[in-house]
Amino acid sequence: MGAPRSRSPRLEVPSYMQCSTRRMGIMTDVHRRFLQLLMTHGVLEEQAVKRLQKHCYKVHDRNAAVEKLEDFINNINSVLESLYIEVKKGVTEDDGRPVYALVNLATTSISKMASDFAENELDLFRKALELIIDSESGFASSTNILNLVDQLKGKKMRKKEAEQVLQKFVQNKWLIEKEGEFTLHSRAILEMEQYIRETYPDSVKMCNICHSLLIQGQSCETCGIRMHLPCVAKYFQSNSEPRCPHCNDYWPHEIPEIFNPEKEREAGISTSNKKSLRSRQH
Amino acid sequence: MPRGQKSKLRARAKRCQGRSETKGLGGAQATAAEEENSPSSASPLLGDRSQNLPTAGTRSTPKSPQRAAGVSCADSNEGANSQNEESSDESYCEDPLNEKVVLLVEFLLRKYQAKEPITKADMLKSVIKNKKYQFPEILKRASEHMELAFGIDLKEVDPIRHCYTFVNKLDLTADDMVIDEENTPKTGLLMIVLAVIFKKGNCATEEEVWKVLNLMGVYAGKKHSIYGEPKKVLTQELVQMKYLEYRQVPNSDPPRYEFLWGPRARVETSKMKVLEFLAKVHDTTPSAFPSCYEEAMKDEEERARARIEARARSSAMATARAKAKPSSSSCPK
């Protein structure tokens, strides 16, 4: 996933902030509560993040004006920087929803999961991850994952157990399941992009538009370049004859519709309806 | 392929060690140039920052893209991070410790989220490793970060076995969890058990606990849709997490068991909080349980006293430190 260049807020620091007068971040209990709760949830969609922010203001500082989310997060990130921790923004790969997670940048491994899972469970995740990355569609079938159960490190695990563990991964927002197949949750992509790019440099796929890690997406049948669904939607916006940005061949896939917060609010369409209408690309 | 953050973190620490003689703008500028050259699509990393480095313009800590011009900027972020600008004399040698501090904070955050108690041995093994003798300093700095950035306090609950637990300075309530309902519900079960124990004079037999839980439709051996298998949760999980103590009633034959508050419960909640919870459940107020209320009030007084003493101690230490500073440099060798 990783969105149109998983927008690290620092890229937009205006020039006047580049010298020693740079305003530094101030942490108050509003920010701390926000961080604790974001950490508890693992990953949150933007609307939930905004509600969370308002809630934190309500608890600690009723009369203060709620800061614009981007500035609020920039503020937090400036204080967390020295700890190699960041509130990172990404975008869901299937429908382009902005999501946020607290990401630790100091260690590149799946250590974030280590506290919740046993050794053999972590290894199952690694095996599933590898299958997902190697796959064309970005999905690994349950059967294929379970067939690897004998190769796991640590205590022996039976297939029945492994099915439960996979469900645990889904509950903890590391994997998404669709019709018996598994792919990475946006949380996993946000937290592990670094780890994935380093561990699987040859098989990892990248989006031609945003240059971030790509798990699910569309690809050009002629030249093979790939794009995220939200990136495709944005790139070919109102283009009646979409062509591959690389080889100029006709783009053979349906241009997806992605999340637009204003449209959704106006139409009052529930998000779950939208999801079920769209079939998996590729 | 961009270098891993961990290797960047280590490389920086190594560079710092080597550079401890070349303090000043020169050294810092060299780092700035180095930073620009390493391709980085990941989040910007800071340069050689440690809370204790001098703030006057000698440090330049490039933050990737917008600083590509190599402009050396005084890193004013220190103010927010460090609340103990203790000494401006500390050399860059402090910096290699910074790597351990960062890793320890990550470790502690993971343990916090898993609601696991931490031991010194654990920390030494997983994070500190070869810097054993600097453990106190590393732990101190990591705790300060945790407190400043997250509002989470690290407290030693067992000074003999060096066990620690976390105390949340922010009062998280059910309202905070409204955004996402999937949060671990075991806290509810725990609060009920703590309340029963408290009400029964700080020690409740297993039968007494189950009597109350059965009234709520929670039975030993019967998997509950929210709580899981209750007996396992009470006698294993919550005990392992040090929220409860589960022991055999002395001289009981056949063996019977009883529950008490665990050390973690004592640190993370209070008799008054549990009584308030109990009162809410019964749709009344804490004073409806007079003897419990009295005991809870006494407990609150003791805690307040302990807090005041602790604050007095730490401010006395801070004053002592501040007084000691100027004389240290003029001390004849």
# chains A, B, ... in the order shown; residues from 1 in each chain; ligands from 1

call {"tool": "select_by_dssp", "arguments": {"residues": "segment 69-282 of chain B", "states": "strand (DSSP E)", "output": "MDAnalysis selection string"}}
result
chainID B and resid 118:119 152:158 163:168 204:205 244:248 257:261

call {"tool": "residues_around", "arguments": {"residues": "segment 236-240 of chain B", "least_positions_apart": "5", "cutoff": "12 Å", "atoms": "only C-alpha atoms", "output": "VMD selection string"}}
result
chain B and resid 114 to 118 186 to 187 189 to 191 193 to 194 227 to 231 245 to 247 259 to 265

call {"tool": "write_last_selection", "arguments": {"atoms": "N, CA and C atoms", "output": "tab-separated table (two decimals), in the first residue's frame"}}
result
chain	number	residue	atom	x	y	z
B	114	ALA	N	1.31	-4.89	25.35
B	114	ALA	CA	0.99	-6.28	25.64
B	114	ALA	C	0.56	-6.46	27.08
B	115	LYS	N	0.62	-5.38	27.87
B	115	LYS	CA	0.27	-5.41	29.28
B	115	LYS	C	1.10	-6.45	30.03
B	116	GLU	N	2.38	-6.52	29.66
B	116	GLU	CA	3.26	-7.47	30.33
B	116	GLU	C	4.16	-6.74	31.31
B	117	PRO	N	4.42	-7.35	32.45
B	117	PRO	CA	5.37	-6.71	33.37
B	117	PRO	C	6.78	-6.86	32.81
B	118	ILE	N	7.67	-5.98	33.25
B	118	ILE	CA	9.03	-6.04	32.71
B	118	ILE	C	10.01	-6.25	33.84
B	186	LYS	N	-11.12	-7.72	29.06
B	186	LYS	CA	-10.77	-8.41	30.29
B	186	LYS	C	-10.68	-7.45	31.47
B	187	THR	N	-10.47	-6.16	31.17
B	187	THR	CA	-10.41	-5.17	32.23
B	187	THR	C	-11.69	-5.16	33.04
B	189	LEU	N	-13.77	-7.62	33.59
B	189	LEU	CA	-13.79	-8.81	34.45
B	189	LEU	C	-12.85	-8.60	35.63
B	190	LEU	N	-11.68	-8.05	35.35
B	190	LEU	CA	-10.70	-7.81	36.41
B	190	LEU	C	-11.26	-6.88	37.47
B	191	MET	N	-11.89	-5.81	37.02
B	191	MET	CA	-12.44	-4.83	37.96
B	191	MET	C	-13.46	-5.47	38.89
B	193	VAL	N	-13.61	-8.64	39.79
B	193	VAL	CA	-12.92	-9.51	40.74
B	193	VAL	C	-12.21	-8.67	41.81
B	194	LEU	N	-11.56	-7.59	41.40
B	194	LEU	CA	-10.89	-6.72	42.36
B	194	LEU	C	-11.90	-6.17	43.37
B	227	TYR	N	-15.32	-12.75	27.41
B	227	TYR	CA	-14.16	-12.94	28.27
B	227	TYR	C	-13.31	-14.16	27.93
B	228	GLY	N	-13.77	-15.04	27.08
B	228	GLY	CA	-13.01	-16.25	26.83
B	228	GLY	C	-13.30	-17.25	27.93
B	229	GLU	N	-12.32	-18.09	28.24
B	229	GLU	CA	-12.54	-19.09	29.30
B	229	GLU	C	-12.21	-18.41	30.63
B	230	PRO	N	-13.21	-18.12	31.46
B	230	PRO	CA	-13.01	-17.26	32.63
B	230	PRO	C	-12.01	-17.80	33.65
B	231	LYS	N	-12.04	-19.12	33.89
B	231	LYS	CA	-11.15	-19.64	34.92
B	231	LYS	C	-9.69	-19.44	34.50
B	245	GLU	N	-3.41	-12.23	42.66
B	245	GLU	CA	-2.66	-13.31	43.27
B	245	GLU	C	-3.63	-14.44	43.56
B	246	TYR	N	-3.19	-15.63	43.25
B	246	TYR	CA	-4.06	-16.80	43.41
B	246	TYR	C	-3.28	-17.80	44.25
B	247	ARG	N	-3.75	-18.06	45.45
B	247	ARG	CA	-2.96	-18.97	46.29
B	247	ARG	C	-3.86	-19.91	47.06
B	259	PHE	N	-8.17	-15.45	46.25
B	259	PHE	CA	-7.64	-14.38	45.40
B	259	PHE	C	-7.30	-13.17	46.24
B	260	LEU	N	-6.21	-12.52	45.82
B	260	LEU	CA	-5.88	-11.22	46.40
B	260	LEU	C	-5.49	-10.28	45.25
B	261	TRP	N	-5.41	-9.00	45.58
B	261	TRP	CA	-4.94	-8.04	44.58
B	261	TRP	C	-3.47	-8.34	44.29
B	262	GLY	N	-3.09	-8.25	43.03
B	262	GLY	CA	-1.68	-8.41	42.68
B	262	GLY	C	-0.98	-7.06	42.76
B	263	PRO	N	0.34	-7.08	42.74
B	263	PRO	CA	1.08	-5.83	42.88
B	263	PRO	C	0.76	-4.83	41.79
B	264	ARG	N	0.49	-5.35	40.61
B	264	ARG	CA	0.21	-4.43	39.51
B	264	ARG	C	-1.11	-3.70	39.70
B	265	ALA	N	-2.08	-4.43	40.23
B	265	ALA	CA	-3.39	-3.81	40.47
B	265	ALA	C	-3.21	-2.69	41.49

call {"tool": "select_by_dssp", "arguments": {"residues": "segment 75-262 of chain A", "states": "helix (DSSP H, G or I)", "output": "PyMOL selection string"}}
result
chain A and resi 75-83+111-114+119-134+142-146+149-151+159-171+186-199+229-235+261-262

call {"tool": "closest_residue", "arguments": {"among": "A:Ala64, A:Leu83, A:Val204, A:Met227", "to": "Ile255 of chain A", "atoms": "only C-alpha atoms"}}
result
A:Met227

call {"tool": "residues_around", "arguments": {"residues": "Pro256 of chain A", "least_positions_apart": "5", "cutoff": "8 Å", "atoms": "only C-alpha atoms", "output": "PyMOL selection string"}}
result
chain A and resi 229-230+232-233

call {"tool": "closest_residue", "arguments": {"among": "A:Val91, A:Leu105, A:Leu38, A:Met192", "to": "chain B", "atoms": "only C-alpha atoms"}}
result
A:Leu105

call {"tool": "atom_distance", "arguments": {"atom1": "atom CA of His55 of chain A", "atom2": "atom CA of Thr269 of chain B"}}
result
23.0 Å

call {"tool": "atom_distance", "arguments": {"atom1": "atom CA of Val212 of chain B", "atom2": "atom CA of Thr284 of chain B"}}
result
17.9 Å

call {"tool": "decode", "arguments": {"residues": "segment 124-139 of chain B", "atoms": "all heavy atoms", "output": "mmCIF file, in the first residue's frame"}}
result
data_model
loop_
_atom_site.group_PDB
_atom_site.id
_atom_site.type_symbol
_atom_site.label_atom_id
_atom_site.label_comp_id
_atom_site.auth_asym_id
_atom_site.auth_seq_id
_atom_site.Cartn_x
_atom_site.Cartn_y
_atom_site.Cartn_z
ATOM 1 N N LEU B 124 17.917 -6.068 30.033
ATOM 2 C CA LEU B 124 19.340 -6.249 29.777
ATOM 3 C C LEU B 124 19.540 -7.198 28.606
ATOM 4 O O LEU B 124 20.360 -6.965 27.722
ATOM 5 C CB LEU B 124 20.045 -6.807 31.016
ATOM 6 C CG LEU B 124 20.211 -5.849 32.199
ATOM 7 C CD1 LEU B 124 20.830 -6.554 33.390
ATOM 8 C CD2 LEU B 124 21.071 -4.660 31.802
ATOM 9 N N LYS B 125 18.770 -8.262 28.616
ATOM 10 C CA LYS B 125 18.948 -9.279 27.584
ATOM 11 C C LYS B 125 18.517 -8.781 26.211
ATOM 12 O O LYS B 125 19.215 -8.961 25.224
ATOM 13 C CB LYS B 125 18.159 -10.535 27.959
ATOM 14 C CG LYS B 125 18.354 -11.670 26.993
ATOM 15 C CD LYS B 125 17.793 -12.963 27.575
ATOM 16 C CE LYS B 125 17.358 -13.878 26.437
ATOM 17 N NZ LYS B 125 16.068 -14.453 26.617
ATOM 18 N N SER B 126 17.346 -8.146 26.168
ATOM 19 C CA SER B 126 16.801 -7.788 24.851
ATOM 20 C C SER B 126 17.368 -6.507 24.272
ATOM 21 O O SER B 126 17.427 -6.353 23.068
ATOM 22 C CB SER B 126 15.284 -7.634 24.927
ATOM 23 O OG SER B 126 14.711 -8.696 25.608
ATOM 24 N N VAL B 127 17.711 -5.571 25.133
ATOM 25 C CA VAL B 127 18.078 -4.255 24.601
ATOM 26 C C VAL B 127 19.470 -3.790 25.020
ATOM 27 O O VAL B 127 20.296 -3.449 24.191
ATOM 28 C CB VAL B 127 17.054 -3.176 25.058
ATOM 29 C CG1 VAL B 127 17.427 -1.810 24.537
ATOM 30 C CG2 VAL B 127 15.668 -3.544 24.583
ATOM 31 N N ILE B 128 19.709 -3.794 26.313
ATOM 32 C CA ILE B 128 20.921 -3.140 26.826
ATOM 33 C C ILE B 128 22.182 -3.870 26.398
ATOM 34 O O ILE B 128 23.160 -3.270 25.975
ATOM 35 C CB ILE B 128 20.875 -3.034 28.367
ATOM 36 C CG1 ILE B 128 19.537 -2.476 28.831
ATOM 37 C CG2 ILE B 128 22.027 -2.207 28.871
ATOM 38 C CD1 ILE B 128 19.304 -1.037 28.516
ATOM 39 N N LYS B 129 22.162 -5.170 26.546
ATOM 40 C CA LYS B 129 23.262 -6.059 26.147
ATOM 41 C C LYS B 129 24.614 -5.613 26.696
ATOM 42 O O LYS B 129 24.872 -5.653 27.865
ATOM 43 C CB LYS B 129 23.280 -6.207 24.625
ATOM 44 C CG LYS B 129 21.983 -6.842 24.132
ATOM 45 C CD LYS B 129 21.996 -7.102 22.646
ATOM 46 C CE LYS B 129 20.598 -7.475 22.200
ATOM 47 N NZ LYS B 129 20.391 -7.567 20.812
ATOM 48 N N ASN B 130 25.476 -5.112 25.801
ATOM 49 C CA ASN B 130 26.831 -4.845 26.257
ATOM 50 C C ASN B 130 26.974 -3.569 27.088
ATOM 51 O O ASN B 130 28.035 -3.287 27.620
ATOM 52 C CB ASN B 130 27.778 -4.785 25.051
ATOM 53 C CG ASN B 130 27.320 -3.732 24.056
ATOM 54 O OD1 ASN B 130 26.139 -3.341 24.032
ATOM 55 N ND2 ASN B 130 28.225 -3.244 23.240
ATOM 56 N N LYS B 131 25.879 -2.805 27.220
ATOM 57 C CA LYS B 131 26.022 -1.558 27.958
ATOM 58 C C LYS B 131 25.441 -1.701 29.359
ATOM 59 O O LYS B 131 24.830 -0.788 29.899
ATOM 60 C CB LYS B 131 25.323 -0.415 27.201
ATOM 61 C CG LYS B 131 25.970 -0.106 25.877
ATOM 62 C CD LYS B 131 26.125 1.376 25.693
ATOM 63 C CE LYS B 131 27.083 1.826 24.649
ATOM 64 N NZ LYS B 131 27.341 1.073 23.468
ATOM 65 N N LYS B 132 25.661 -2.862 29.958
ATOM 66 C CA LYS B 132 25.068 -3.189 31.247
ATOM 67 C C LYS B 132 25.285 -2.115 32.302
ATOM 68 O O LYS B 132 24.410 -1.795 33.081
ATOM 69 C CB LYS B 132 25.688 -4.505 31.741
ATOM 70 C CG LYS B 132 24.722 -5.363 32.553
ATOM 71 C CD LYS B 132 25.264 -6.746 32.775
ATOM 72 C CE LYS B 132 26.279 -6.764 33.894
ATOM 73 N NZ LYS B 132 26.438 -8.108 34.484
ATOM 74 N N TYR B 133 26.480 -1.549 32.350
ATOM 75 C CA TYR B 133 26.789 -0.625 33.425
ATOM 76 C C TYR B 133 26.105 0.720 33.267
ATOM 77 O O TYR B 133 26.011 1.485 34.197
ATOM 78 C CB TYR B 133 28.310 -0.463 33.585
ATOM 79 C CG TYR B 133 28.942 -1.762 33.994
ATOM 80 C CD1 TYR B 133 29.703 -2.501 33.088
ATOM 81 C CD2 TYR B 133 28.722 -2.294 35.254
ATOM 82 C CE1 TYR B 133 30.243 -3.717 33.454
ATOM 83 C CE2 TYR B 133 29.249 -3.513 35.621
ATOM 84 C CZ TYR B 133 30.010 -4.230 34.718
ATOM 85 O OH TYR B 133 30.525 -5.440 35.066
ATOM 86 N N GLN B 134 25.638 0.974 32.062
ATOM 87 C CA GLN B 134 24.920 2.232 31.865
ATOM 88 C C GLN B 134 23.417 2.044 31.934
ATOM 89 O O GLN B 134 22.660 2.933 31.568
ATOM 90 C CB GLN B 134 25.300 2.870 30.519
ATOM 91 C CG GLN B 134 26.656 3.522 30.551
ATOM 92 C CD GLN B 134 27.579 2.866 29.551
ATOM 93 O OE1 GLN B 134 27.580 1.648 29.387
ATOM 94 N NE2 GLN B 134 28.371 3.676 28.867
ATOM 95 N N PHE B 135 23.011 0.875 32.390
ATOM 96 C CA PHE B 135 21.579 0.588 32.470
ATOM 97 C C PHE B 135 20.785 1.680 33.201
ATOM 98 O O PHE B 135 19.768 2.141 32.701
ATOM 99 C CB PHE B 135 21.347 -0.777 33.114
ATOM 100 C CG PHE B 135 19.905 -1.065 33.396
ATOM 101 C CD1 PHE B 135 19.023 -1.372 32.363
ATOM 102 C CD2 PHE B 135 19.399 -1.018 34.685
ATOM 103 C CE1 PHE B 135 17.683 -1.630 32.615
ATOM 104 C CE2 PHE B 135 18.060 -1.279 34.952
ATOM 105 C CZ PHE B 135 17.198 -1.589 33.913
ATOM 106 N N PRO B 136 21.226 2.111 34.391
ATOM 107 C CA PRO B 136 20.425 3.114 35.103
ATOM 108 C C PRO B 136 20.211 4.383 34.277
ATOM 109 O O PRO B 136 19.098 4.906 34.226
ATOM 110 C CB PRO B 136 21.246 3.409 36.365
ATOM 111 C CG PRO B 136 22.134 2.247 36.537
ATOM 112 C CD PRO B 136 22.424 1.718 35.172
ATOM 113 N N GLU B 137 21.261 4.848 33.624
ATOM 114 C CA GLU B 137 21.142 6.083 32.843
ATOM 115 C C GLU B 137 20.216 5.871 31.638
ATOM 116 O O GLU B 137 19.362 6.699 31.332
ATOM 117 C CB GLU B 137 22.534 6.518 32.367
ATOM 118 C CG GLU B 137 22.545 7.729 31.432
ATOM 119 C CD GLU B 137 22.068 9.008 32.092
ATOM 120 O OE1 GLU B 137 22.097 9.074 33.341
ATOM 121 O OE2 GLU B 137 21.654 9.928 31.366
ATOM 122 N N ILE B 138 20.397 4.731 30.979
ATOM 123 C CA ILE B 138 19.566 4.444 29.807
ATOM 124 C C ILE B 138 18.101 4.339 30.226
ATOM 125 O O ILE B 138 17.203 4.889 29.582
ATOM 126 C CB ILE B 138 20.020 3.127 29.131
ATOM 127 C CG1 ILE B 138 21.447 3.271 28.622
ATOM 128 C CG2 ILE B 138 19.093 2.780 27.966
ATOM 129 C CD1 ILE B 138 22.043 1.974 28.103
ATOM 130 N N LEU B 139 17.874 3.619 31.331
ATOM 131 C CA LEU B 139 16.496 3.450 31.802
ATOM 132 C C LEU B 139 15.882 4.792 32.181
ATOM 133 O O LEU B 139 14.730 5.084 31.855
ATOM 134 C CB LEU B 139 16.462 2.503 33.008
ATOM 135 C CG LEU B 139 15.074 2.218 33.560
ATOM 136 C CD1 LEU B 139 14.240 1.480 32.524
ATOM 137 C CD2 LEU B 139 15.151 1.389 34.835
#
